[in-house]
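K.L.:
Before anything else, here's the structure in question.
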Amino acid sequence: MDIKVRVWRQSDSNDRGRMVAYDVKDISPDASFLEMIDVLNEKLILDGDDPIAFDHDCREGICGACSMVINGVAHGPEKATTTCQLHMRHFSDGDVIDVEPWRAAAFPVIKDLVVDRTAFDKIIQAGGYISAPTGTAPDAHAAPVPKKDADAAFEAATCIGCGACVAACPNGSSMLFTAAKITHLGLVPQGQPERDSRVVDMLQAQDDAGFGGCTNMGECAEVCPKGIPLSLIGRLNSDYRKAIAKS
Amino acid sequence: MTETDFWIEGEPVVDKAAPDGPIETRWERRKFAAKLVNPANRRKLTVIVVGTGLAGGSAAATLAEQGYRVKSYCYQDSPRRAHSIAAQGGINAAKNYRNDGDSVYRLFYDTVKGGDFRARESNVYRLAQESVNIIDQAVAQGVPFAREYGGLLDNRSFGGTQVSRTFYARGQTGQQLLLGAYQALERQIGLGNVEMNARHEMLELIIVDGKARGIVVRDMVTGEITTELADAVVLASGGYGNVFFLSTNAKGCNVTASWRAHRKGALFANPCYTQIHPTCIPESGSHQSKLTLMSESLRNDGRVWVPKAQKDTRRAADIPEDERDYYLERIYPSFGNLVPRDIASRAAKNVCDEGRGVGPGGLGVYLDFADAISRLGRKAVEAKYGNLFEMYQRITGEDPYETPMRIYPAVHYTMGGLWVDYDLQSTIPGLFVVGEANFSDHGANRLGASALMQGLADGYFVLPNTINNYLAAGPFPKVTEADEAVAEARKQVEDRIEKFLSIDGDRTVDSFHRELGHIMWEYCGMERTEEGLTKAIGLIRALKEEFWARVKVPGKGEELNQNLEKAGRVADFIELGELMCIDALHRRESCGGHFRAESQTPDGEAMRHDDEFGYAAAWEYFGADGRPTLHKEDLVFEYVHPSTRSYK
């Protein structure tokens, strides 16, 4: 199939940036979206142009590196699918496709489609862990975890930290990301001792990193490639209120 | 001592840190004999850790907890994205929670046997001992392993074993374990004990007075080159499967950190031992940029088959039961679909070579869940494998609940790596190597669910105990950027970047990488021959020459330049590819992931030659005349006596 892509080009963080159109010819419908960009980049290099910079790594939907806003939607048109797992069979011959980076105050653009997401690491640093230094652990069966809780903790823990939730949020809020970690660690017995301080500290770090506030728009859950539900934000708020009331 | 056109044989290499005596107490005695560093002195010592996967992330966190100053580096934008994250199936541990006859000794035995008797017994025994601590540690960190209704941990079984010892978190075990290590690491970063440098790539090792004292790194955002100095360097930079271009590795996985160390004197052991994973999604066309693994755990319930007839183009559903060949169950009745990976892969290649493969190009076999769905119900199958089925459907556009999956082998893991002693120290003092980057524990073939085990055993429990013995002699004499060795290493990096940018040829970096991959897959893949390997060496040498004359790297050094990053990696892969072929050529036997067509039984099974090749091959970098030097480490089997692996 033949398509046209209009891609955000920005040489570095100081550049204003612009959309640039490219024709891409003879793409297989079985190619992934990133493979389509690969093909385009090979051509750009041989033509003496600067290839498009974009983040990607595992290309199997789990590392969370890939991050393109495609036709205005973070990760593109397929539900619960990262950019790297989106295939060209979901587009049609002759389509014009817009490709932009994540846009959020806390995720500044580095180049083209590459953004800086270290703000997410900062949130985790503030409390997204259970303090369990190596070698101090009791036997794994010392504390049984009801299957229901273990499964729910797992579901929340599947967040890949890609940042689509932030990119989709009109406020640039990271509440879904933070809520996923609060939920994961709050559902296992090992996570209880730090539960109150965790939620308070992570929310503070989130504000400090420049993320916006949550106004329950729900756009985040719509684009989440792992299907993290909006209800987790309610759980975070509940934990936060309890923690504040205790302090 | 032999000398050939391709290599020279040198002195044997000896593991001086290896303990002796009863195997059950070797690790305890080694830990007791190791020198310690007083807690007050630890903060005066700096350790560099390159890579933040299971091995590097856990090592950096644990060393920081112990009080060392740690500097951590990864090429990704966050340590959480290291490729351990993509491991699906599970992690082995000899907990015997199933009461099915498992033990540390059995895990040790299975791993030595599974490795086709090409691993060190002492290392493997230690790995089995530490396996139980990993599960405890991960649970304490909140890793949400799968559980049973009683709240206790669930297990599944994996290829090459007859007990159920694999702990898992649906099909995302690597992700959950890595996030555990990542969170421990982030905690230490927050506490100021680890200096994290994401989007930084190690491009050279700095050796001062014979000791590893630092690395040269490139800031991948600004292009700035800096020298980073320390008292010891730990490489946790993963495997080199991307030498094949197409593999299940992440696109960024590369051998550069290891190769730069190798060029500076670290021996590289068993480079030809490559694991070709039997259950990957087949290629769909020339645009293919990577291959995707479907967890081996699928073989617990999926049945592998091809049509009995050649060139049978009917749909799977239209092929009646008696015209299907469930070839693994037929050839290997006692292990059936759960034979080890190397055996399953070669069997798939054989049936496809016979013209019985399915799908585009006949390069695929079916993995069929129809029986499992009718036996367990769709819901139960969905609970176990739901995310894998979704992934398959997303990539292929086919529904595996309705039609069988098509799978084909792909490069997945590399057992070879930098040679290390029992302390995980390379032949360069002060340079330690952990995880997939070293060669240590899997011999010629790795069993499923053992990579996560090894990465975390090395990072959480082994290295933090053995590195003390080295650091106890520190702090070492102060090194500064003005030192000749430091300045020279930096200049090497700058000159090389300059060279890449100045060639301005007419071929892209990727075109060279793809060509190298074709050569490796064709001649150094699932089946190797003397003729093919000799040819491959010639082709790779010609490719290397062409690369340095015709490669085109756009842009500048002082910016985010992904093609410049790739150029350095591909240049190193080309050199590694040659060494892999030489290693494969020299090993005139079949063992594990290395199958030489000249060395097989009449019914096509691998044939080892223990008398001649019962050693690890540790290679010294190509000398002045272009030939690498082989140093043999004899492998002694006191407990598990080499026998022919039989899974029939």
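Each chain in the structure tokens gets a letter, A, B, ..., in the order shown, and its residues are numbered from 1; ligands are numbered from 1 in order too.
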Can you pull out the residues contacting A:Leu44? Cut-off 12 Å, using only C-alpha atoms, and skip same-chain residues under 6 positions away; I want them as an MDAnalysis selection string.

P.N.:
(chainID A and resid 22:24 37:38 50:53) or (chainID B and resid 507:508 552:555 563)

K.L.:
May I have the residues within 6 Å of stretch 208-218 of chain A as a list in words, using only C-alpha atoms and disregarding those fewer than 3 positions away in the same chain?

P.N.:
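Close residues of stretch 208-218 of chain A: Ala106, Ala119, Asn171, Gly172, Ser173, Ala205 and Ala221 of chain A.
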
K.L.:
Using only C-alpha atoms and a cut-off of 6 Å, which residues of chain B sit close to chain A? Please list them as a PyMOL selection string.

P.N.:
chain B and resi 81+136-137+139-141+144+147-149+151-152+183+186-187+190+250-252

K.L.:
Write out the residues from the selection above, keeping C-alpha atoms, as a PDB file, in the first residue's frame.

P.N.:
```pdb
ATOM      1  CA  ARG B  81      13.098  -0.736  29.902  1.00  0.00           C
ATOM      2  CA  ASP B 136      11.793 -14.923  48.710  1.00  0.00           C
ATOM      3  CA  GLN B 137      13.424 -11.645  47.727  1.00  0.00           C
ATOM      4  CA  VAL B 139       7.943 -11.712  47.037  1.00  0.00           C
ATOM      5  CA  ALA B 140       9.256  -9.354  49.711  1.00  0.00           C
ATOM      6  CA  GLN B 141       9.479  -6.642  47.034  1.00  0.00           C
ATOM      7  CA  PRO B 144       2.847 -10.329  42.056  1.00  0.00           C
ATOM      8  CA  ARG B 147      -1.041 -17.696  43.237  1.00  0.00           C
ATOM      9  CA  GLU B 148      -3.436 -20.500  44.009  1.00  0.00           C
ATOM     10  CA  TYR B 149      -6.739 -20.045  45.826  1.00  0.00           C
ATOM     11  CA  GLY B 151      -2.876 -17.792  48.635  1.00  0.00           C
ATOM     12  CA  LEU B 152       0.289 -19.793  48.034  1.00  0.00           C
ATOM     13  CA  GLN B 183      12.027  -0.223  42.128  1.00  0.00           C
ATOM     14  CA  GLU B 186      15.046   3.694  42.103  1.00  0.00           C
ATOM     15  CA  ARG B 187      14.833   3.622  45.888  1.00  0.00           C
ATOM     16  CA  GLY B 190      16.277   8.493  45.557  1.00  0.00           C
ATOM     17  CA  ALA B 250      15.157  -5.697  21.714  1.00  0.00           C
ATOM     18  CA  LYS B 251      16.400  -3.543  18.844  1.00  0.00           C
ATOM     19  CA  GLY B 252      18.966  -1.820  21.002  1.00  0.00           C
TER      20      GLY B 252
END
```

K.L.:
Which parts of stretch 101-167 of chain A does DSSP call alpha helix (DSSP H) when run on the backbone here, written out as a PyMOL selection string?

P.N.:
chain A and resi 118-125+147-157+164-167

K.L.:
Restricted to C-alpha atoms, what would the selected residues look like written as an mmCIF file, in the first residue's frame?

P.N.:
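again.cif written:
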```cif
data_model
loop_
_atom_site.group_PDB
_atom_site.id
_atom_site.type_symbol
_atom_site.label_atom_id
_atom_site.label_comp_id
_atom_site.auth_asym_id
_atom_site.auth_seq_id
_atom_site.Cartn_x
_atom_site.Cartn_y
_atom_site.Cartn_z
ATOM 1 C CA THR A 118 12.552 10.742 33.476
ATOM 2 C CA ALA A 119 9.778 12.442 35.455
ATOM 3 C CA PHE A 120 8.184 8.976 35.747
ATOM 4 C CA ASP A 121 11.329 7.599 37.373
ATOM 5 C CA LYS A 122 11.196 10.462 39.858
ATOM 6 C CA ILE A 123 7.705 9.460 40.919
ATOM 7 C CA ILE A 124 8.876 5.889 41.547
ATOM 8 C CA GLN A 125 11.918 7.153 43.461
ATOM 9 C CA LYS A 147 -5.580 -15.020 44.781
ATOM 10 C CA LYS A 148 -8.054 -12.215 44.159
ATOM 11 C CA ASP A 149 -5.637 -9.638 45.595
ATOM 12 C CA ALA A 150 -2.632 -11.164 43.858
ATOM 13 C CA ASP A 151 -4.428 -11.084 40.518
ATOM 14 C CA ALA A 152 -5.601 -7.501 40.998
ATOM 15 C CA ALA A 153 -2.100 -6.436 42.061
ATOM 16 C CA PHE A 154 -0.724 -8.071 38.944
ATOM 17 C CA GLU A 155 -3.234 -6.331 36.692
ATOM 18 C CA ALA A 156 -2.163 -2.956 38.079
ATOM 19 C CA ALA A 157 1.510 -3.908 37.888
ATOM 20 C CA ALA A 164 0.401 7.445 26.871
ATOM 21 C CA CYS A 165 -1.908 8.337 29.788
ATOM 22 C CA VAL A 166 -0.073 11.624 30.246
ATOM 23 C CA ALA A 167 0.005 12.334 26.525
#
```

K.L.:
Figure out the distance between atom CA of B:Asp322 and atom CA of B:Ser295, please, to one decimal in Å.

P.N.:
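These two atoms are separated by 27.9 Å.
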
K.L.:
Could you name the residues that touch B:Ser237 at 10 Å or less, counting only C-alpha atoms, but leaving out those on the same chain fewer than 2 positions away, as a VMD selection string?

P.N.:
chain B and resid 49 to 53 55 to 56 73 to 75 82 to 83 202 234 to 235 239 to 240 253 to 258 433 to 438

K.L.:
From a backbone DSSP assignment, name each residue in stretch 102-243 of chain A labelled strand (DSSP E or B), as a list in words.

P.N.:
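Strand (DSSP E or B) members of stretch 102-243 of chain A, listed: Val109, Ile110, Lys111, Val114 and Val115 of chain A.
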
K.L.:
Considering only C-alpha atoms, can you say which of A:Val200, A:Leu230, A:Cys220, A:Ile3 comes closest to A:Ala245?

P.N.:
A:Val200

K.L.:
Give me, as number ranges by chain, all polymer residues having an atom no more than 10 Å from B:Leu45, counting only C-alpha atoms and skipping those fewer than 6 positions away in the same chain.

P.N.:
B: 37, 67-70, 230-232, 471-472, 474-476

K.L.:
Excluding B:Gly302 and any residue of its chain fewer than 4 positions from it, enumerate the residues within 10 Å of it, using only C-alpha atoms, and give them as a list of chain:residue names.

P.N.:
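In the requested format, the answer is B:Glu296, B:Ser297, B:Leu298, B:Asn337, B:Leu338, B:Tyr366, B:Leu367, B:Asp368, B:Phe369, B:Ala370, B:Asp371, B:Ala372, B:Ile373, B:Pro404, B:Met405.
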
K.L.:
Any idea what's packed within 10 Å of A:Gly76, counting only C-alpha atoms, ignoring anything in its chain fewer than 4 positions away? Could you give it as a list in words?

P.N.:
Phe33, Ser67, Met68, Val69, Ile70, Asn71, Gly72, Ala80, Thr81, Thr82, Thr83, Leu86, His90, Ile97, Asp98, Val99 and Val223 of chain A

K.L.:
Skip B:Glu354 itself and residues of its chain fewer than 6 positions away, then list as a PyMOL selection string all residues within 12 Å of it, counting only C-alpha atoms.

P.N.:
chain B and resi 306-312+347-348+362-363
